[in-house]
Each structure stands twice: as structure tokens, then as C-alpha cells.
Amino acid sequence: MIPLVLAVSLHAHAQDCTPARVMLVLDKSSSMITGSIGGETKWSIAVGAIDQLATRFDRQVELGLMLFPSPSRCGPGVVAVAPTLRAGATILGQLASPPPVSGNWTPIAQTLEAAAEVGSLREAGRRRYAILITDGWQWCSPYNPDTRSDPVAAVARLNAAGIVTYVVGFGGEVDALTLNQVAVAARTARPGCDATGSLPSSPRPCYYQADNPGELLGALSGIVGTVVGDEVCDGVDNNCDGRVDEDLVRRCVSACGSGEEHCSHGAWIGCTAPAPAPEVCDGIDNDCDGRVDPGCGCTRGAQMPCGPSAGQCAPGTQTCGLDGTWGPCVGGVGPAPEVCDGIDNDCDGSVDEDLTRPCRSACGEGTEACAAGTWGACSARQPTPEVCDGIDNDCDGQVDVATNELELLCQGGLICRQGSCVPAAGGGVGPSGGGSTAAPGGSRGGPPNEAGAAGTRASGAALPPATPTVASGCATGLRAVRSPTGLLLLILVAAGFRRRWRAATLPARDGSRRHAARGEI
């Protein structure tokens, strides 16, 4: 047999595990209660995600909670629950009271600085983490654009204290550029990210962007799962779940075949592969050396089959030699590495087992598995037709851009702007509630007013989604036209609309007309 065994102490116990400390630094600004996703307030979604996170991990990590602002307006966050094991119920109790609909702002930088001074997060010899969860910008009233990047400087104090900081942006009104820079400064940027992205919809953010309940729970679980770590066969409770070396199984081999072995007290044991045995004259290769019954005597020239016959393997032939012993097994087909061809290549009685390979689509990477000699469907997300929703649906690198002039993203003369169909003459509304206001850094729309009244989103009074009025029969779009007569009528109507449009836009520059045609102005 050839099992691999790790020599470790057999006296390790689950008590050897020292759980990590994780402080959830949660935004309790007014926009968390006035803003909603899918009809549910962002505060309610965040509370639900934290409830599920605690249910899964509060026996493996010491969870704590900071809320900001505290007590209101721009006060830096304070510790509501000190990090401890099984703190889930206590944390949920602190989250029972939602933020007010106005008056609470977003002092991110001040809160990160306060977190760096929390005693339980400064204890040496412990793994300590802070997870920032926010839906807005660095913002206090009156807004000072010079403070926009203050959170980047604040995270340096957490670094100096040995506290690892992760960043989660929740919803479509976060300051993506600042959060990218905070993640980079905290050295927790996601691999391959683009730190220059300035929009929540920018691809490859360095922080964790969550736009719905599932993504928020996935981001938090992924971060805490990384903190907990995986169990390994070393006699230690690596993931602090109260068990040592649990559920660890791996493949093992012997000269006679393959099997499985499991980990116990830091050692791999119990390989189920068939073991070689002393050779006896029974027509079987007992010691798995490729010869059957050597030295058992035979008639010169006599032949007998030898070798495996399962799968693609074919038995060979042994011939009795001049010395009355069986010669080597020749002419057989032996096992080969398994490939996806519907054949048992390695002659172990299974076909195409455990075969996967990477694959990709225009939207990303995935895997596909082999079954019955055929590679199955790729698990990577597939492109879908582009719609006006602020997402690159067809994965062509462009967000809310139609592939041709006939593929309108909005109907009824509306244009697509920031993921919503709005009137072409409409303007953004700034934080003060009137007119179009430039955001810090020059972006349209400005940073969110976190203290707005009920219904006001963090970025100010956002334009409501427009509902185009479509004549009967037109709402189904171009793809609904099936008959030749209908198609001809649609082409004639489109041609007349294009002539009127060109006349209306004749004084404009070519670049403006092109953008207007695509609904991007």
C-alpha cells in the first residue's frame, strides 16, 4: 500500500481552537430605512442577513456589533455588542430598533477611527477583523467634499492596530471609488479588481458590492468563512466548530487498486484499496505484480489469459516457459487515465467518474462535468438580452447599451439613464432636492443625502421609474411582429419616426445624436 500518513500528536482537542473576533460595523443612517430593494427596506434586509450569519457562525467566531452614527447625526459609531461567542441573539436585540427616517448621517471615517481604539479589537495574540457595511458616502451635514476620502486614511489606523478590515457596499448609492480605495488600503481588495471604478455597477470592484438580500448574505458569509478557515488533518479544530478533523476523506491507492481513507486525530487511516497478498496457485494475481501464480508449475507452451478485463482493459496471455513456470503477461490492454469518452478507461468499474473542466462564457468562468462521454452544460452565467437596469446583461462590456438601433431599451420616447427609463428632457436631482447637482469628483447626481425624509434615497430625490404609455399591439416590441404585412408596416413607421427625429436633432452634433439614439444621454 502507498497511503500517505501525517505524523502528528494524537492528544489535540477542540479546545485548542482560539476563535477569531469579528466586529460588524453597520451603517444605521436614515437612508437605510428610507431606501428599499425589492419593496423591503435596506435595514430589514441587513438585519435578516446578520441573523442568518450569526446562526451559522456565532459558535465559531466571536461576533460583535458597532452601529453608526451614535447617538445620531454624525456621531462616530459605538460598540453595541462586544465580540463574544454565541452573540447572535444579543446582536439581533440591538438591531430591533430601526434608524430614524431623517437626521442620521454617515460618518464612516470617524467610525473606523473609533473601531481602531476598541479594546477587544486591540488584544494581541488574537485574530481580529472589522467588516464595514454601508449604503452611502462619507457624509455629514453640511457636506464637505474635502472629507470624501477620509475613510481611506482612517483604515490605516486599523491596519496599525493589527485589525483586518473588509468592506461591503450595499445598494446602488454607495461611493464606489472611495470604497475601492478603502479595500485596497486595508489589503483586502478582491483579486483582479479595478480600483478606479467610480460606480456601484462598475465591473470588478475591490470591495464586496451587494445589490440584493442574497448578495449581501453571500458577501458576509464569504468573508466570515474566510476568517474561520477550512479543517485540515492535523489534530486541531481549525474551523472552531467544536470538532477535530471532521469529515475529511481522500483517495488512496495500493498496488492492487484504489480506495478511500479518512482522517482521525491528525492521521490518515483506513485505506479501503485492496491490499497485495501472498501469491497462491489460484489463477489470480494475488500480490498484484502483474503475474498469475508464478512458480506454480505448468506445461511448456500452455497459455492462459491474464490481466484485468473491466472497461477498456483487455486480458493478455501468459505462456508456460521451458522452466515450467508462467511467463509475463503480454498483449493485454492495461488501465489508462480516465477521459470523457463514455468508457471505463482506468478499468475501475466506473465510467467518466469525477471528471470536470473549466469553461467560460462571455459573462465569466464556470465548470462543466462529464456524463456518459459528453461534457455537460457550463455553469458560467450566460448572456441575456440587454435591458435598462444598470447591469451588463449581455456581457459585452457595456451597461444598458442596445446592440442595434432596432433593439430599444425603453419605450414611449423614454431613454435609459442610470438603469431606469426616464423622459429625455428629465434632469437629475441633487442632494438639496432641486435641479441637477454635480457630485463630489464631478459625477452626475452627487453624493446621497442620508438624512432625507421618508422615501428619499441616499443620493437625493431620485427620478422615479417611468412607465411608458404604449399603444395597443406595440408593447410586445419588434420581436412580436411575425407576419410580412406587420413587418412592412413597422418598417414604414420606423422610417417616418427616423426622418422626424433627424429633423429635430439636425443642429446637434453627431456624437449627441448617436448617444440619443441609444438612449444614453
# chains A, B, ... in the order shown; residues from 1 in each chain; ligands from 1
>>> residues_around(residues="Pro99 in chain A", least_positions_apart="5", cutoff="9 Å", atoms="only C-alpha atoms", output="number ranges by chain")
A: 28-33, 43, 104
>>> closest_residue(among="A:Cys370, A:Leu414, A:Ala362, A:Ala189", to="Glu338 in chain A", atoms="only C-alpha atoms")
A:Cys370
>>> residues_around(residues="Gln94 in chain A", least_positions_apart="2", cutoff="12 Å", atoms="only C-alpha atoms", output="count of residues only")
23
>>> closest_residue(among="A:Cys240, A:Leu158, A:Ala275, A:Cys281", to="Cys256 in chain A", atoms="only C-alpha atoms")
A:Ala275
>>> closest_residue(among="A:Gly270, A:Ser201, A:Gly35, A:Thr188", to="Asp400 in chain A", atoms="only C-alpha atoms")
A:Ser201
>>> closest_residue(among="A:Gly75, A:Pro145, A:Gly169, A:Gly136", to="Ala219 in chain A", atoms="only C-alpha atoms")
A:Gly169
>>> closest_residue(among="A:Gly172, A:Pro383, A:Gly412, A:Gly301", to="Arg360 in chain A", atoms="only C-alpha atoms")
A:Pro383
>>> residues_around(residues="Gly290 in chain A", least_positions_apart="2", cutoff="9 Å", atoms="only C-alpha atoms", output="PDB file with N, CA, C and O atoms, in the first residue's frame")
ATOM      1  N   ASP A 285      -3.759 -13.000  -9.620  1.00  0.00           N
ATOM      2  CA  ASP A 285      -2.528 -12.269  -9.285  1.00  0.00           C
ATOM      3  C   ASP A 285      -2.667 -11.723  -7.873  1.00  0.00           C
ATOM      4  O   ASP A 285      -2.967 -10.551  -7.646  1.00  0.00           O
ATOM      5  N   ASP A 287      -0.553 -11.005  -5.435  1.00  0.00           N
ATOM      6  CA  ASP A 287       0.331  -9.948  -4.950  1.00  0.00           C
ATOM      7  C   ASP A 287       0.404  -8.758  -5.896  1.00  0.00           C
ATOM      8  O   ASP A 287       1.196  -7.834  -5.708  1.00  0.00           O
ATOM      9  N   CYS A 288      -0.441  -8.765  -6.923  1.00  0.00           N
ATOM     10  CA  CYS A 288      -0.597  -7.606  -7.816  1.00  0.00           C
ATOM     11  C   CYS A 288       0.715  -7.177  -8.455  1.00  0.00           C
ATOM     12  O   CYS A 288       1.008  -5.977  -8.565  1.00  0.00           O
ATOM     13  N   VAL A 292       0.356 -14.139 -12.737  1.00  0.00           N
ATOM     14  CA  VAL A 292      -0.589 -15.023 -12.055  1.00  0.00           C
ATOM     15  C   VAL A 292       0.092 -16.357 -11.715  1.00  0.00           C
ATOM     16  O   VAL A 292       0.663 -17.019 -12.587  1.00  0.00           O
ATOM     17  N   CYS A 306      -4.524 -13.418 -18.782  1.00  0.00           N
ATOM     18  CA  CYS A 306      -4.025 -12.712 -17.609  1.00  0.00           C
ATOM     19  C   CYS A 306      -4.377 -11.221 -17.727  1.00  0.00           C
ATOM     20  O   CYS A 306      -4.640 -10.719 -18.816  1.00  0.00           O
ATOM     21  N   GLY A 307      -4.351 -10.554 -16.593  1.00  0.00           N
ATOM     22  CA  GLY A 307      -4.596  -9.111 -16.587  1.00  0.00           C
ATOM     23  C   GLY A 307      -6.066  -8.762 -16.450  1.00  0.00           C
ATOM     24  O   GLY A 307      -6.945  -9.611 -16.587  1.00  0.00           O
ATOM     25  N   PRO A 328       5.652 -13.736 -18.397  1.00  0.00           N
ATOM     26  CA  PRO A 328       4.965 -12.462 -18.153  1.00  0.00           C
ATOM     27  C   PRO A 328       3.667 -12.373 -18.949  1.00  0.00           C
ATOM     28  O   PRO A 328       3.477 -13.045 -19.958  1.00  0.00           O
ATOM     29  N   CYS A 329       2.785 -11.502 -18.479  1.00  0.00           N
ATOM     30  CA  CYS A 329       1.508 -11.240 -19.154  1.00  0.00           C
ATOM     31  C   CYS A 329       1.770 -10.293 -20.311  1.00  0.00           C
ATOM     32  O   CYS A 329       2.262  -9.170 -20.112  1.00  0.00           O
TER      33      CYS A 329
END
>>> residues_around(residues="Cys359 in chain A", least_positions_apart="2", cutoff="7 Å", atoms="only C-alpha atoms", output="list in words")
Arg357, Glu365, Gly366, Thr367, Glu368 and Cys378 of chain A
>>> residues_around(residues="Asp352 in chain A", least_positions_apart="5", cutoff="7 Å", atoms="only C-alpha atoms", output="compact mmCIF listing (two decimals) with N, CA and C atoms, in the first residue's frame")
# COMPACT_ATOMS: atom_id res chain seq x y z
N GLU A 338 -8.55 8.24 -16.78
CA GLU A 338 -9.93 8.39 -17.23
C GLU A 338 -10.09 9.66 -18.06
N VAL A 339 -10.78 9.57 -19.19
CA VAL A 339 -11.12 10.72 -20.03
C VAL A 339 -12.61 10.68 -20.33
N CYS A 340 -13.14 11.81 -20.82
CA CYS A 340 -14.58 11.93 -21.06
C CYS A 340 -14.93 11.32 -22.41
N GLY A 342 -17.14 8.13 -22.34
CA GLY A 342 -18.13 7.08 -22.14
C GLY A 342 -17.54 5.71 -21.93
N ILE A 343 -16.24 5.64 -21.64
CA ILE A 343 -15.55 4.35 -21.48
C ILE A 343 -14.87 4.33 -20.12
N ASP A 344 -14.80 3.15 -19.53
CA ASP A 344 -14.09 2.97 -18.27
C ASP A 344 -12.59 2.84 -18.58
N CYS A 370 -18.45 15.83 -16.85
CA CYS A 370 -18.63 14.80 -17.87
C CYS A 370 -19.66 13.79 -17.41
N ALA A 371 -20.55 13.40 -18.32
CA ALA A 371 -21.54 12.36 -18.04
C ALA A 371 -21.78 11.59 -19.33
N ALA A 372 -21.61 10.29 -19.27
CA ALA A 372 -21.87 9.42 -20.43
C ALA A 372 -21.08 9.86 -21.66
N GLY A 373 -19.84 10.29 -21.44
CA GLY A 373 -18.97 10.61 -22.57
C GLY A 373 -19.17 11.99 -23.14
>>> select_by_dssp(residues="range 128-367 of chain A", states="helix (DSSP H, G or I)", output="MDAnalysis selection string")
chainID A and resid 145:147 150:160 176:185 213:228
>>> closest_atom_pairs(of="range 143-259 of chain A", to="range 106-116 of chain A", cutoff="10 Å", atoms="only C-alpha atoms", output="tab-separated table")
residue	atom	partner	partner_atom	distance
A:Thr147	CA	A:Ala109	CA	8.7
A:Arg148	CA	A:Ala109	CA	9.1
A:Ser149	CA	A:Ala109	CA	8.4
A:Asp150	CA	A:Ala109	CA	5.5
A:Pro151	CA	A:Ala109	CA	4.1
A:Val152	CA	A:Ala109	CA	7.7
A:Ala153	CA	A:Ala109	CA	7.9
A:Ala154	CA	A:Glu113	CA	5.4
A:Val155	CA	A:Leu112	CA	6.4
A:Ala156	CA	A:Glu113	CA	8.9
A:Arg157	CA	A:Ala116	CA	6.1
A:Leu158	CA	A:Ala116	CA	4.8
A:Asn159	CA	A:Ala116	CA	8.4
A:Ala160	CA	A:Ala116	CA	8.5
A:Ala161	CA	A:Ala116	CA	6.5
A:Gly162	CA	A:Ala116	CA	9.0
A:Ile163	CA	A:Ala116	CA	7.5
A:Thr165	CA	A:Leu112	CA	9.3
>>> residues_around(residues="Ala20 in chain A", least_positions_apart="3", cutoff="12 Å", atoms="only C-alpha atoms", output="PyMOL selection string")
chain A and resi 17+23+57-64+83-85+120-121+123-130+163-164+224-229+238-240
>>> write_last_selection(atoms="C-alpha atoms", output="compact mmCIF listing (two decimals), in the first residue's frame")
# COMPACT_ATOMS: atom_id res chain seq x y z
CA CYS A 17 -9.01 26.46 18.79
CA MET A 23 -16.79 43.30 14.61
CA PHE A 57 -21.07 31.22 12.62
CA ASP A 58 -21.61 32.57 16.15
CA ARG A 59 -20.28 29.32 17.68
CA GLN A 60 -17.10 29.51 15.57
CA VAL A 61 -16.20 33.23 15.78
CA GLU A 62 -16.66 35.92 18.41
CA LEU A 63 -19.16 38.29 16.77
CA GLY A 64 -19.62 41.91 17.88
CA PRO A 83 -17.31 40.38 20.44
CA THR A 84 -18.16 37.03 22.04
CA LEU A 85 -19.24 33.52 21.10
CA SER A 120 -11.40 43.96 22.40
CA LEU A 121 -10.08 44.58 18.88
CA GLU A 123 -5.87 42.43 22.12
CA ALA A 124 -2.61 40.97 20.87
CA GLY A 125 -2.41 37.28 20.03
CA ARG A 126 -5.95 37.16 18.62
CA ARG A 127 -7.12 37.30 15.01
CA ARG A 128 -9.22 40.48 14.81
CA TYR A 129 -11.43 41.71 11.98
CA ALA A 130 -13.82 44.57 11.20
CA ILE A 163 -7.16 44.75 12.66
CA VAL A 164 -8.05 43.41 9.19
CA VAL A 224 -16.54 35.19 7.76
CA GLY A 225 -15.96 31.82 6.10
CA THR A 226 -12.52 33.03 5.05
CA VAL A 227 -11.86 34.15 8.62
CA VAL A 228 -12.94 30.76 10.03
CA GLY A 229 -10.84 28.73 7.55
CA ASN A 238 -9.09 24.56 12.66
CA ASN A 239 -12.57 25.98 11.99
CA CYS A 240 -13.59 26.27 15.66
>>> select_by_dssp(residues="range 121-265 of chain A", states="strand (DSSP E or B)", output="short mmCIF file (atom, residue, chain, number, x, y, z; two decimals) with C-alpha atoms, in the first residue's frame")
data_model
loop_
_atom_site.label_atom_id
_atom_site.label_comp_id
_atom_site.auth_asym_id
_atom_site.auth_seq_id
_atom_site.Cartn_x
_atom_site.Cartn_y
_atom_site.Cartn_z
CA ARG A 128 -9.22 40.48 14.81
CA TYR A 129 -11.43 41.71 11.98
CA ALA A 130 -13.82 44.57 11.20
CA ILE A 131 -16.48 44.31 8.47
CA LEU A 132 -17.80 47.71 7.31
CA ILE A 133 -21.38 47.57 5.90
CA THR A 134 -22.60 50.87 4.40
CA TRP A 139 -21.29 62.37 4.66
CA ILE A 163 -7.16 44.75 12.66
CA VAL A 164 -8.05 43.41 9.19
CA THR A 165 -10.87 45.39 7.58
CA TYR A 166 -13.31 44.16 4.92
CA VAL A 167 -15.69 46.48 3.05
CA VAL A 168 -19.26 45.74 1.91
CA GLY A 169 -21.21 48.31 -0.16
CA PHE A 170 -24.98 47.78 -0.01
CA TYR A 208 -17.88 43.49 -1.91
CA GLN A 209 -20.84 45.08 -3.76
CA ALA A 210 -24.26 43.69 -2.75
CA VAL A 249 -11.72 11.93 3.30
CA ARG A 250 -9.25 11.45 0.46
CA ARG A 251 -8.34 8.93 -2.22
CA CYS A 252 -5.64 6.33 -1.56
CA VAL A 253 -4.00 3.64 -3.73
CA SER A 254 -2.20 0.32 -3.41
CA GLY A 257 -6.15 -0.65 -6.90
CA SER A 258 -7.64 2.47 -5.32
CA GLY A 259 -9.87 3.29 -2.37
CA GLU A 260 -10.51 5.97 0.26
CA GLU A 261 -9.08 6.83 3.67
CA HIS A 262 -10.28 9.23 6.40
CA CYS A 263 -8.57 11.46 8.93
CA SER A 264 -8.58 10.65 12.62
#
